[in-house]
$ cat protein_7.cif   # mmCIF, C-alpha atoms and all ligand atoms
data_upload
#
loop_
_atom_site.label_atom_id
_atom_site.label_comp_id
_atom_site.auth_asym_id
_atom_site.auth_seq_id
_atom_site.Cartn_x
_atom_site.Cartn_y
_atom_site.Cartn_z
CA MET X 99 208.61 -236.61 193.50
CA LYS X 100 209.82 -237.26 189.96
CA VAL X 101 210.26 -234.59 187.31
CA ILE X 102 209.73 -234.47 183.56
CA ASP X 103 210.42 -231.09 181.95
CA MET X 104 209.32 -230.67 178.33
CA HIS X 105 211.59 -227.79 177.34
CA CYS X 106 215.03 -226.34 177.97
CA ASP X 107 217.52 -224.61 175.66
CA THR X 108 220.62 -225.86 177.47
CA LEU X 109 222.19 -227.58 174.44
CA SER X 110 222.15 -224.34 172.44
CA GLU X 111 223.40 -222.36 175.42
CA LEU X 112 226.31 -224.75 176.05
CA LEU X 113 227.35 -225.07 172.41
CA GLY X 114 227.21 -221.28 172.11
CA ARG X 115 229.46 -220.93 175.16
CA ARG X 116 231.93 -223.40 173.73
CA GLU X 117 232.01 -221.51 170.43
CA ARG X 118 232.79 -218.34 172.37
CA GLY X 119 235.73 -220.10 173.99
CA LYS X 120 234.08 -220.71 177.35
CA ALA X 121 234.38 -224.35 178.31
CA ALA X 122 231.23 -225.76 179.86
CA GLY X 123 229.56 -229.14 179.87
CA LEU X 124 226.19 -230.64 180.64
CA ARG X 125 227.34 -232.59 183.67
CA GLN X 126 228.11 -229.62 185.88
CA ASN X 127 227.88 -225.94 185.01
CA ASP X 128 226.43 -222.64 186.16
CA CYS X 129 223.51 -222.74 183.68
CA HIS X 130 219.92 -223.31 184.80
CA VAL X 131 220.28 -227.01 183.96
CA ASP X 132 222.98 -229.56 184.73
CA LEU X 133 222.93 -233.31 185.19
CA LEU X 134 224.27 -233.49 188.72
CA ARG X 135 221.66 -231.06 190.04
CA MET X 136 218.95 -232.92 188.09
CA LYS X 137 219.90 -236.19 189.77
CA GLU X 138 219.69 -234.46 193.15
CA SER X 139 216.26 -233.10 192.20
CA ARG X 140 214.99 -236.55 191.14
CA TYR X 141 214.48 -235.85 187.46
CA LEU X 142 213.12 -238.72 185.43
CA LEU X 143 213.36 -237.09 182.00
CA GLN X 144 214.43 -233.82 180.41
CA ASN X 145 213.57 -232.76 176.88
CA PHE X 146 216.64 -231.15 175.31
CA ALA X 147 215.81 -228.76 172.49
CA MET X 148 218.08 -228.08 169.55
CA PHE X 149 217.09 -224.43 169.25
CA VAL X 150 217.95 -222.84 165.92
CA VAL X 151 217.53 -219.17 165.03
CA LEU X 152 216.45 -219.06 161.39
CA GLU X 153 217.70 -215.63 160.47
CA GLY X 154 221.26 -214.38 160.67
CA PHE X 155 222.99 -217.55 161.88
CA GLY X 156 223.93 -219.37 158.68
CA ASP X 157 222.36 -222.55 157.33
CA PRO X 158 219.74 -223.84 159.81
CA TRP X 159 220.21 -227.48 158.82
CA GLU X 160 223.95 -227.25 159.44
CA ARG X 161 223.20 -225.69 162.80
CA VAL X 162 220.86 -228.48 163.84
CA CYS X 163 223.52 -231.01 162.78
CA ALA X 164 226.15 -229.20 164.89
CA LEU X 165 223.79 -229.26 167.87
CA HIS X 166 223.15 -232.94 167.26
CA ARG X 167 226.90 -233.71 167.26
CA TYR X 168 227.19 -231.82 170.52
CA TYR X 169 224.26 -233.77 172.02
CA GLN X 170 225.89 -237.08 170.99
CA GLU X 171 229.12 -236.00 172.64
CA GLU X 172 227.34 -235.21 175.89
CA LEU X 173 225.46 -238.53 175.80
CA GLU X 174 228.76 -240.39 175.42
CA ARG X 175 230.56 -238.39 178.05
CA ASN X 176 227.75 -238.88 180.57
CA GLN X 177 226.57 -242.38 179.74
CA ASP X 178 226.93 -243.41 183.38
CA ILE X 179 223.99 -241.15 184.34
CA LEU X 180 222.21 -240.16 181.09
CA ALA X 181 220.58 -242.15 178.28
CA PRO X 182 218.40 -241.21 175.30
CA VAL X 183 214.71 -241.97 174.79
CA LEU X 184 213.97 -243.42 171.36
CA ARG X 185 211.01 -245.61 172.33
CA PHE X 186 208.56 -245.21 175.21
CA SER X 187 209.96 -248.28 176.96
CA ASP X 188 213.40 -246.62 177.17
CA ILE X 189 212.11 -244.31 179.91
CA ALA X 190 211.41 -247.16 182.35
CA GLU X 191 214.59 -248.98 181.32
CA ASN X 192 216.74 -245.90 181.90
CA GLU X 193 215.07 -245.35 185.26
CA ALA X 194 215.70 -248.96 186.29
CA GLN X 195 219.39 -248.41 185.54
CA GLY X 196 219.43 -245.26 187.65
CA LYS X 197 219.85 -243.04 184.60
CA LEU X 198 218.20 -239.80 183.66
CA SER X 199 216.33 -239.90 180.32
CA ALA X 200 217.00 -237.36 177.58
CA LEU X 201 214.40 -236.76 174.88
CA LEU X 202 215.71 -234.80 171.92
CA THR X 203 213.57 -232.06 170.34
CA VAL X 204 213.96 -229.36 167.69
CA GLU X 205 212.77 -225.83 168.42
CA GLU X 206 212.18 -224.42 164.91
CA GLY X 207 210.51 -226.62 162.31
CA GLY X 208 212.02 -224.34 159.68
CA VAL X 209 215.27 -226.32 159.87
CA CYS X 210 213.58 -228.76 157.43
CA ARG X 211 213.04 -226.01 154.86
CA GLY X 212 209.78 -227.69 153.94
CA GLU X 213 211.34 -231.03 153.01
CA THR X 214 209.44 -233.98 154.40
CA GLU X 215 212.52 -236.20 153.97
CA LYS X 216 214.28 -234.04 156.56
CA LEU X 217 211.66 -235.09 159.13
CA ARG X 218 212.63 -238.71 158.57
CA GLU X 219 216.28 -237.74 158.98
CA LEU X 220 215.52 -235.95 162.24
CA TYR X 221 213.68 -239.03 163.44
CA ARG X 222 216.73 -241.17 162.67
CA MET X 223 218.84 -238.66 164.61
CA GLY X 224 216.63 -239.33 167.65
CA VAL X 225 214.30 -236.32 167.52
CA ARG X 226 210.89 -237.13 169.05
CA MET X 227 209.28 -233.66 169.27
CA ILE X 228 209.39 -230.59 167.02
CA THR X 229 208.29 -227.08 167.96
CA LEU X 230 206.70 -226.22 164.61
CA THR X 231 207.76 -222.56 164.57
CA TRP X 232 209.79 -220.23 166.70
CA ASN X 233 209.05 -216.50 166.32
CA PHE X 234 209.61 -216.43 162.53
CA ASP X 235 207.37 -217.53 159.68
CA ASN X 236 208.61 -220.77 158.15
CA GLU X 237 207.51 -223.34 155.55
CA ILE X 238 205.28 -225.06 158.12
CA GLY X 239 203.35 -222.09 159.44
CA HIS X 240 203.22 -218.77 161.24
CA PRO X 241 204.00 -217.79 164.83
CA ASN X 242 201.74 -215.55 166.91
CA PHE X 243 204.29 -212.74 167.02
CA ASP X 244 204.09 -210.48 163.98
CA ALA X 245 207.33 -209.49 162.23
CA GLN X 246 206.17 -205.98 161.35
CA LYS X 247 204.93 -205.24 164.87
CA LYS X 248 208.25 -206.58 166.14
CA GLN X 249 210.17 -204.06 164.05
CA GLN X 250 207.98 -201.24 165.36
CA MET X 251 208.45 -202.42 168.92
CA LYS X 252 212.21 -202.73 168.55
CA HIS X 253 212.35 -199.21 167.19
CA VAL X 254 210.31 -197.65 169.99
CA MET X 255 212.18 -199.66 172.60
CA LYS X 256 215.49 -198.40 171.26
CA THR X 257 214.22 -194.84 171.48
CA TRP X 258 212.87 -195.46 174.98
CA ARG X 259 216.13 -196.99 176.15
CA GLU X 260 218.14 -194.12 174.76
CA TYR X 261 215.81 -191.69 176.48
CA THR X 262 215.95 -193.43 179.88
CA ALA X 263 219.70 -194.07 179.53
CA GLY X 264 220.23 -190.40 178.88
CA MET X 265 218.18 -189.48 181.94
CA SER X 266 219.92 -192.10 184.09
CA ALA X 267 223.31 -190.97 182.90
CA SER X 268 222.58 -187.46 183.98
CA ALA X 269 220.99 -188.65 187.22
CA ASP X 270 223.38 -191.25 188.58
CA GLY X 271 225.62 -192.50 185.84
CA THR X 272 223.92 -195.88 185.31
CA SER X 273 222.55 -196.90 181.96
CA ALA X 274 219.41 -198.77 181.05
CA SER X 275 219.84 -202.53 181.10
CA ALA X 276 220.54 -204.81 178.17
CA ASP X 277 217.79 -205.85 175.82
CA GLY X 278 216.24 -209.27 176.22
CA THR X 279 217.68 -211.35 173.44
CA SER X 280 217.06 -214.63 175.21
CA ALA X 281 215.39 -217.37 173.24
CA CYS X 282 211.88 -216.75 174.41
CA ALA X 283 211.49 -213.44 176.22
CA ALA X 284 210.03 -210.66 174.17
CA GLY X 285 212.22 -208.31 176.08
CA ALA X 286 209.65 -205.88 177.33
CA SER X 287 210.32 -206.00 181.03
CA ALA X 288 214.04 -206.63 180.68
CA CYS X 289 214.56 -203.33 178.95
CA ALA X 290 214.07 -200.32 181.07
CA ALA X 291 215.72 -200.96 184.40
CA GLY X 292 217.27 -197.57 184.74
CA ALA X 293 213.96 -195.76 184.59
CA SER X 294 213.13 -195.69 188.28
CA ALA X 295 216.58 -194.39 189.09
CA CYS X 296 216.10 -191.33 186.90
CA ALA X 297 213.56 -188.59 186.63
CA ALA X 298 210.66 -191.02 186.29
CA GLY X 299 207.25 -189.52 186.74
CA THR X 300 207.76 -186.26 184.92
CA ALA X 301 205.08 -185.47 182.35
CA GLU X 302 207.53 -185.97 179.48
CA TRP X 303 208.75 -189.31 180.86
CA GLU X 304 205.19 -190.54 181.37
CA GLN X 305 204.17 -189.58 177.84
CA LYS X 306 207.16 -191.34 176.30
CA ARG X 307 206.59 -194.37 178.48
CA ARG X 308 202.97 -194.60 177.34
CA GLU X 309 203.96 -194.32 173.68
CA ALA X 310 206.49 -197.11 174.02
CA GLN X 311 204.06 -199.23 176.06
CA PHE X 312 201.45 -198.94 173.31
CA PHE X 313 203.74 -200.56 170.73
CA VAL X 314 205.01 -203.18 173.15
CA ASP X 315 201.43 -204.17 174.00
CA ALA X 316 200.42 -204.25 170.34
CA TYR X 317 203.24 -206.68 169.70
CA LEU X 318 202.76 -208.87 172.75
CA HIS X 319 198.95 -208.97 172.87
CA THR X 320 197.87 -209.43 169.22
CA PRO X 321 197.50 -213.09 168.23
CA ASN X 322 197.63 -214.23 164.61
CA LEU X 323 194.10 -215.50 163.96
CA THR X 324 194.36 -216.03 160.21
CA GLY X 325 197.83 -217.32 159.34
CA GLY X 326 198.00 -220.95 160.49
CA LEU X 327 199.70 -223.95 158.94
CA THR X 328 200.64 -223.79 155.28
CA GLY X 329 199.54 -226.58 152.91
CA LYS X 330 203.03 -228.04 153.21
CA GLY X 331 202.86 -227.60 156.97
CA ARG X 332 199.68 -229.67 157.19
CA GLU X 333 201.43 -232.42 155.24
CA MET X 334 204.48 -232.25 157.49
CA VAL X 335 202.51 -232.33 160.73
CA ALA X 336 200.63 -235.42 159.52
CA GLU X 337 203.97 -237.00 158.59
CA MET X 338 205.38 -236.21 162.04
CA GLU X 339 202.46 -237.89 163.73
CA GLY X 340 202.94 -240.95 161.54
CA LEU X 341 206.66 -241.14 162.35
CA GLY X 342 206.24 -240.73 166.10
CA ILE X 343 207.46 -237.14 166.36
CA ILE X 344 205.20 -235.09 168.65
CA PRO X 345 204.07 -231.75 167.17
CA ASP X 346 204.68 -228.89 169.62
CA VAL X 347 202.47 -225.80 169.20
CA SER X 348 204.33 -223.45 171.57
CA HIS X 349 205.17 -220.27 169.60
CA LEU X 350 202.68 -221.24 166.85
CA SER X 351 199.86 -218.84 165.94
CA ASP X 352 196.36 -219.29 167.31
CA ALA X 353 195.19 -220.16 163.79
CA GLY X 354 197.97 -222.74 163.57
CA PHE X 355 196.87 -224.34 166.84
CA TYR X 356 193.41 -225.02 165.40
CA ASP X 357 194.96 -226.36 162.19
CA VAL X 358 197.09 -228.82 164.18
CA LEU X 359 193.95 -229.89 166.02
CA GLU X 360 192.33 -230.59 162.66
CA VAL X 361 195.28 -232.34 161.00
CA THR X 362 196.24 -234.65 163.90
CA LYS X 363 194.48 -237.50 165.64
CA LYS X 364 196.85 -238.25 168.53
CA PRO X 365 197.68 -236.02 171.51
CA PHE X 366 200.13 -233.19 170.90
CA VAL X 367 201.76 -230.65 173.21
CA ALA X 368 202.38 -227.00 173.94
CA SER X 369 205.74 -227.78 175.53
CA HIS X 370 206.38 -224.38 177.14
CA SER X 371 203.27 -222.14 177.26
CA ASN X 372 201.16 -220.63 180.05
CA ALA X 373 197.60 -219.26 180.31
CA ARG X 374 196.66 -216.08 178.42
CA ALA X 375 193.79 -215.36 180.83
CA VAL X 376 196.40 -214.92 183.58
CA CYS X 377 199.04 -213.08 181.49
CA PRO X 378 197.97 -211.64 178.11
CA ASN X 379 201.19 -212.42 176.21
CA VAL X 380 200.27 -214.31 173.02
CA ARG X 381 202.95 -216.92 173.77
CA ASN X 382 200.32 -218.15 176.22
CA MET X 383 197.23 -220.23 175.44
CA THR X 384 193.61 -219.06 175.53
CA ASP X 385 191.11 -220.94 177.69
CA ASP X 386 189.53 -222.42 174.56
CA MET X 387 192.89 -223.72 173.37
CA ILE X 388 193.57 -225.20 176.82
CA ARG X 389 190.21 -227.01 176.79
CA ARG X 390 190.72 -228.35 173.29
CA LEU X 391 194.26 -229.51 174.05
CA ALA X 392 192.88 -231.26 177.14
CA GLY X 393 190.09 -232.80 175.05
CA ARG X 394 192.74 -234.30 172.78
CA GLY X 395 194.63 -235.76 175.72
CA GLY X 396 197.55 -233.40 175.17
CA VAL X 397 199.60 -231.53 177.72
CA MET X 398 201.08 -228.05 178.19
CA GLY X 399 204.23 -227.19 180.11
CA LEU X 400 204.40 -224.35 182.65
CA ASN X 401 206.97 -221.83 181.39
CA PHE X 402 209.06 -219.96 184.00
CA CYS X 403 209.81 -216.92 181.82
CA ALA X 404 208.86 -213.89 183.94
CA ASP X 405 207.38 -212.04 180.94
CA PHE X 406 205.00 -214.92 180.21
CA LEU X 407 203.99 -215.23 183.87
CA GLU X 408 203.04 -211.64 184.59
CA GLU X 409 203.51 -208.28 182.96
CA LYS X 410 205.04 -205.20 184.50
CA PRO X 411 204.79 -201.68 183.16
CA LEU X 412 207.84 -200.49 181.25
CA GLY X 413 210.36 -199.22 183.72
CA GLU X 414 209.65 -201.90 186.32
CA LYS X 415 211.76 -204.99 186.81
CA ASN X 416 210.15 -208.40 186.41
CA PRO X 417 212.26 -210.83 188.42
CA GLY X 418 209.88 -213.81 188.21
CA THR X 419 208.17 -215.51 191.16
CA VAL X 420 207.00 -218.96 192.11
CA GLU X 421 203.62 -217.45 193.07
CA ALA X 422 203.01 -216.42 189.47
CA VAL X 423 203.71 -219.98 188.27
CA VAL X 424 201.19 -221.22 190.85
CA ARG X 425 198.55 -218.79 189.53
CA HIS X 426 198.95 -220.17 186.00
CA ALA X 427 198.87 -223.76 187.24
CA ARG X 428 195.68 -223.11 189.20
CA HIS X 429 193.98 -221.48 186.22
CA ILE X 430 195.02 -224.14 183.71
CA ALA X 431 193.88 -226.95 186.01
CA ASP X 432 190.55 -225.16 186.63
CA VAL X 433 189.93 -224.63 182.92
CA GLY X 434 191.30 -227.80 181.34
CA GLY X 435 191.60 -230.23 184.23
CA VAL X 436 194.80 -231.26 185.97
CA GLU X 437 195.48 -233.88 183.25
CA VAL X 438 196.50 -231.15 180.77
CA LEU X 439 199.16 -229.66 183.03
CA GLY X 440 202.89 -230.37 182.88
CA LEU X 441 206.26 -228.60 183.13
CA GLY X 442 208.14 -226.75 180.40
CA SER X 443 210.53 -224.52 182.32
CA ASP X 444 212.30 -222.99 179.30
CA PHE X 445 215.48 -223.08 181.40
CA ASP X 446 218.54 -221.62 179.67
CA GLY X 447 216.27 -220.01 177.07
CA ILE X 448 215.02 -217.30 179.45
CA ASP X 449 216.39 -214.75 181.85
CA THR X 450 216.76 -216.34 185.29
CA ASN X 451 213.48 -216.47 187.21
CA GLU X 452 214.57 -215.37 190.67
CA GLY X 453 211.89 -217.51 192.33
CA LEU X 454 212.85 -220.62 190.34
CA PRO X 455 216.45 -220.13 189.23
CA GLY X 456 217.24 -223.67 188.02
CA VAL X 457 216.55 -227.41 188.14
CA GLN X 458 217.29 -227.35 191.86
CA SER X 459 214.07 -225.31 192.33
CA MET X 460 211.56 -228.00 191.37
CA GLU X 461 211.01 -229.13 194.92
CA LYS X 462 210.23 -225.55 195.90
CA LEU X 463 207.61 -225.43 193.13
CA TRP X 464 206.15 -228.74 194.30
CA HIS X 465 205.66 -227.38 197.82
CA ALA X 466 204.21 -224.09 196.58
CA LEU X 467 201.64 -225.97 194.48
CA HIS X 468 200.86 -228.32 197.36
CA GLU X 469 200.22 -225.38 199.64
CA ALA X 470 197.98 -223.88 196.96
CA GLY X 471 195.73 -226.93 197.14
CA PHE X 472 197.13 -229.42 194.61
CA SER X 473 197.01 -232.90 196.13
CA GLU X 474 200.00 -235.24 196.00
CA ASP X 475 198.19 -237.33 193.38
CA ALA X 476 197.55 -234.24 191.27
CA LEU X 477 201.19 -233.21 191.58
CA ASP X 478 202.36 -236.65 190.46
CA LYS X 479 200.40 -235.97 187.27
CA VAL X 480 201.70 -232.44 186.83
CA PHE X 481 205.35 -233.24 187.51
CA TYR X 482 205.58 -236.36 185.31
CA GLY X 483 202.44 -238.47 184.94
CA ASN X 484 200.64 -236.42 182.29
CA VAL X 485 203.67 -236.12 180.03
CA LEU X 486 204.39 -239.84 180.44
CA ARG X 487 200.82 -240.52 179.30
CA VAL X 488 201.32 -238.43 176.14
CA TYR X 489 204.66 -240.14 175.42
CA ARG X 490 203.00 -243.55 175.87
CA ASP X 491 200.29 -242.53 173.37
CA THR X 492 202.64 -241.03 170.76
CA LEU X 493 206.12 -242.56 170.87
CA GLY X 494 206.59 -246.02 169.37
ZN ZN J 1 210.67 -221.21 173.03
#

$ encode --input "protein_7.cif" --output "C-alpha cells"
Amino acid sequence: MKVIDMHCDTLSELLGRRERGKAAGLRQNDCHVDLLRMKESRYLLQNFAMFVVLEGFGDPWERVCALHRYYQEELERNQDILAPVLRFSDIAENEAQGKLSALLTVEEGGVCRGETEKLRELYRMGVRMITLTWNFDNEIGHPNFDAQKKQQMKHVMKTWREYTAGMSASADGTSASADGTSACAAGASACAAGASACAAGTAEWEQKRREAQFFVDAYLHTPNLTGGLTGKGREMVAEMEGLGIIPDVSHLSDAGFYDVLEVTKKPFVASHSNARAVCPNVRNMTDDMIRRLAGRGGVMGLNFCADFLEEKPLGEKNPGTVEAVVRHARHIADVGGVEVLGLGSDFDGIDTNEGLPGVQSMEKLWHALHEAGFSEDALDKVFYGNVLRVYRDTLG
C-alpha cells in the first residue's frame, strides 16, 4: 500500500496554532496529519493546501505568503524525511531517497485578485494545484454555496441553537455544541448536539426543528447552475493549465465545473469531493460530473467530512464512519470507473471523522474497501495510481 492524498488543511491549522501561541510542528503533533505517522502509514505524497479565508482575515495575498514562509520552514526542518514536488520526476526521486513528497496547493483562487501575473508567482513559489474558489465568490468564479442562503441558514441555526440550548439548560444544564466553523463543514450536523438531551419530540420542538431544517437543506442542496467562471476566470484557468498548475473544481459551482471542462484540454481534479447521489450536499459531484471528469482522465478525492458523507437530521450527531466512505467509493467507481477515484481526506479542515480520525487510518480504509469488493489492483489505483497518472499528464 502507498498513499497519495490530494487535500489537507494542516499548514493553515498549524500556522493558526502558532499564531495563537500554541507551539506545534508538522513532524509530530496531535492534528489529523503529521509526518511521522505518514511514514508509518506508507504515504508517498501529500498535497498541502495553503487555505486562505477571503473575508475578515486581512489581505489574502499576504496570508498566502505567510503560509508559504511557514511551508518553507517545515520543508527545511524536515528535509531528512520530506521533499517538495516541482516536477513529476521529483515524486520517484523523493521515494528513492526514502522521503515523503509534498505538493503545494492553494485553496482559494481569490488570493490572486484576478491578476494573471500572480499565478506565475504562485508557480515560482512551488504551487502546482489551485482550488479555484472556496465558499465565496471571487474573480475566477462562483462556488455552489449561495451567500444569501448562507446568511438565512446562519440566522435560523442561531435561533435553533438558542432554543435547544435554553431547553437543555433547563433540562440538564448542558448547552448546544459549538458551530462548525471548520474549513469545509457547512455546520449542519455539528450544531444541535444538545437536542436529544432536552425535551425533544414535543410539538413545538418538532415544528422549530422542521423550520430550521428547511433553511439548512435549501443552503446545502441547491447548486449554482448559472454562475460559473467569469471571463477573467476562463483566462486564468487556461493560464494555469499552460503553466502546469492543476485546476481544482472542489467547492466550485456546477456551472463552473462545465466551464472548466470547456476551457481546459488536460485532466483536472476535484481534490476533495464525494458523490451527490449518495449524499445530497452540493459540495459533492453529480453522476454526470463524475462521468465527464472520468472522460477527461481526471480524478476526484474521497472527502472524510461527515457532513459530505451522509446527512443526519438536525439534533442528531454525525460522527463519520468508514462505511459511508466505502458507499461513496462504490458509487463513484460504478458511475465513472475506478480510474476516476482517489483520496482527498480534507484532514485538519474538518471535524474529526471518528471512523477515520487521521493519517494512521488509511490502512483501515484500505481493508474496508477490499472487503467491499475492490481488488488489490483497483486499490492501488485509488490510493495512488490514478493521482500519479494525472500528475504525469499535467506537471512538467
Ligand atoms: Zn475545502

$ closest_residue --input "protein_7.cif" --among "X:Asn379, X:Asn242, X:Asn233, X:Ser187" --to "X:Leu493" --atoms "only C-alpha atoms"
X:Ser187

$ atom_distance --input "protein_7.cif" --atom1 "atom CA of X:Ile228" --atom2 "atom CA of X:Ala336"
12.5 Å

$ residues_around --input "protein_7.cif" --residues "X:Ser348" --least-positions-apart "4" --cutoff "7 Å" --atoms "all atoms listed in the file" --output "JSON list (two decimals) with C-alpha atoms, in the frame of the given file"
[["chain", "number", "residue", "atom", "x", "y", "z"],
["X", 229, "THR", "CA", 208.29, -227.08, 167.96],
["X", 368, "ALA", "CA", 202.38, -227.00, 173.94],
["X", 369, "SER", "CA", 205.74, -227.78, 175.53],
["X", 370, "HIS", "CA", 206.38, -224.38, 177.14],
["X", 371, "SER", "CA", 203.27, -222.14, 177.26]]

$ residues_around --input "protein_7.cif" --residues "X:Thr320" --least-positions-apart "3" --cutoff "7 Å" --atoms "all atoms listed in the file" --output "list in words"
Ala316, Tyr317 and Val380 of chain X

$ closest_residue --input "protein_7.cif" --among "X:Val162, X:Leu412, X:Ile448, X:Leu109" --to "ligand ZN 1 (chain J)" --atoms "all atoms listed in the file"
X:Ile448

$ residues_near_ligand --input "protein_7.cif" --ligand "ligand ZN 1 (chain J)" --cutoff "10 Å" --atoms "all atoms listed in the file" --output "compact mmCIF listing (two decimals) with C-alpha atoms, keeping the file's coordinate frame"
# COMPACT_ATOMS: atom_id res chain seq x y z
CA HIS X 105 211.59 -227.79 177.34
CA CYS X 106 215.03 -226.34 177.97
CA ASP X 107 217.52 -224.61 175.66
CA ALA X 147 215.81 -228.76 172.49
CA PHE X 149 217.09 -224.43 169.25
CA GLU X 205 212.77 -225.83 168.42
CA GLU X 206 212.18 -224.42 164.91
CA THR X 229 208.29 -227.08 167.96
CA THR X 231 207.76 -222.56 164.57
CA TRP X 232 209.79 -220.23 166.70
CA ASN X 233 209.05 -216.50 166.32
CA SER X 280 217.06 -214.63 175.21
CA ALA X 281 215.39 -217.37 173.24
CA CYS X 282 211.88 -216.75 174.41
CA ALA X 283 211.49 -213.44 176.22
CA SER X 348 204.33 -223.45 171.57
CA HIS X 349 205.17 -220.27 169.60
CA SER X 369 205.74 -227.78 175.53
CA HIS X 370 206.38 -224.38 177.14
CA SER X 371 203.27 -222.14 177.26
CA ARG X 381 202.95 -216.92 173.77
CA ASN X 401 206.97 -221.83 181.39
CA CYS X 403 209.81 -216.92 181.82
CA GLY X 442 208.14 -226.75 180.40
CA SER X 443 210.53 -224.52 182.32
CA ASP X 444 212.30 -222.99 179.30
CA PHE X 445 215.48 -223.08 181.40
CA GLY X 447 216.27 -220.01 177.07
CA ILE X 448 215.02 -217.30 179.45

$ residues_around --input "protein_7.cif" --residues "X:Leu143" --least-positions-apart "5" --cutoff "12 Å" --atoms "all atoms listed in the file" --output "ChimeraX atom specification"
/X:100-106,133,136-137,179-183,186,188-193,196-202,441-442,457,481-483,485-486,489

$ closest_residue --input "protein_7.cif" --among "X:Met251, X:Val361, X:Ala263, X:Leu230" --to "X:Val347" --atoms "all atoms listed in the file"
X:Leu230

$ residues_around --input "protein_7.cif" --residues "stretch 208-224 of chain X" --least-positions-apart "2" --cutoff "9 Å" --atoms "all atoms listed in the file" --output "ChimeraX atom specification"
/X:150,152,157-162,166,182-184,201-206,226,230-232,234-239,330-331,333-334,337-338,341-343

$ residues_around --input "protein_7.cif" --residues "X:Tyr356" --least-positions-apart "6" --cutoff "9 Å" --atoms "only C-alpha atoms" --output "number ranges by chain"
X: 326, 387, 390

$ closest_residue --input "protein_7.cif" --among "X:Val420, X:Leu113, X:Val436, X:Ala476" --to "X:Pro455" --atoms "all atoms listed in the file"
X:Val420

$ closest_residue --input "protein_7.cif" --among "X:Arg389, X:Tyr261, X:Lys415, X:Cys163" --to "X:Gln305" --atoms "all atoms listed in the file"
X:Tyr261

$ build_atoms --input "protein_7.cif" --residues "stretch 99-110 of chain X" --atoms "N, CA and C atoms" --output "compact mmCIF listing (two decimals), keeping the file's coordinate frame"
# COMPACT_ATOMS: atom_id res chain seq x y z
N MET X 99 208.65 -237.56 194.63
CA MET X 99 208.61 -236.61 193.50
C MET X 99 209.54 -237.08 192.38
N LYS X 100 209.01 -237.08 191.17
CA LYS X 100 209.82 -237.26 189.96
C LYS X 100 209.53 -236.06 189.08
N VAL X 101 210.45 -235.77 188.17
CA VAL X 101 210.26 -234.59 187.31
C VAL X 101 210.46 -234.95 185.84
N ILE X 102 209.50 -234.51 185.01
CA ILE X 102 209.73 -234.47 183.56
C ILE X 102 209.52 -233.02 183.12
N ASP X 103 210.50 -232.47 182.44
CA ASP X 103 210.42 -231.09 181.95
C ASP X 103 210.46 -231.14 180.42
N MET X 104 209.45 -230.56 179.79
CA MET X 104 209.32 -230.67 178.33
C MET X 104 210.16 -229.70 177.51
N HIS X 105 210.79 -228.71 178.17
CA HIS X 105 211.59 -227.79 177.34
C HIS X 105 212.71 -227.09 178.09
N CYS X 106 213.93 -227.21 177.55
CA CYS X 106 215.03 -226.34 177.97
C CYS X 106 215.90 -226.07 176.74
N ASP X 107 216.63 -224.99 176.77
CA ASP X 107 217.52 -224.61 175.66
C ASP X 107 218.99 -224.79 176.03
N THR X 108 219.27 -225.71 176.94
CA THR X 108 220.62 -225.86 177.47
C THR X 108 221.65 -226.28 176.42
N LEU X 109 221.24 -227.16 175.48
CA LEU X 109 222.19 -227.58 174.44
C LEU X 109 222.69 -226.38 173.65
N SER X 110 221.76 -225.52 173.23
CA SER X 110 222.15 -224.34 172.44
C SER X 110 223.00 -223.39 173.26
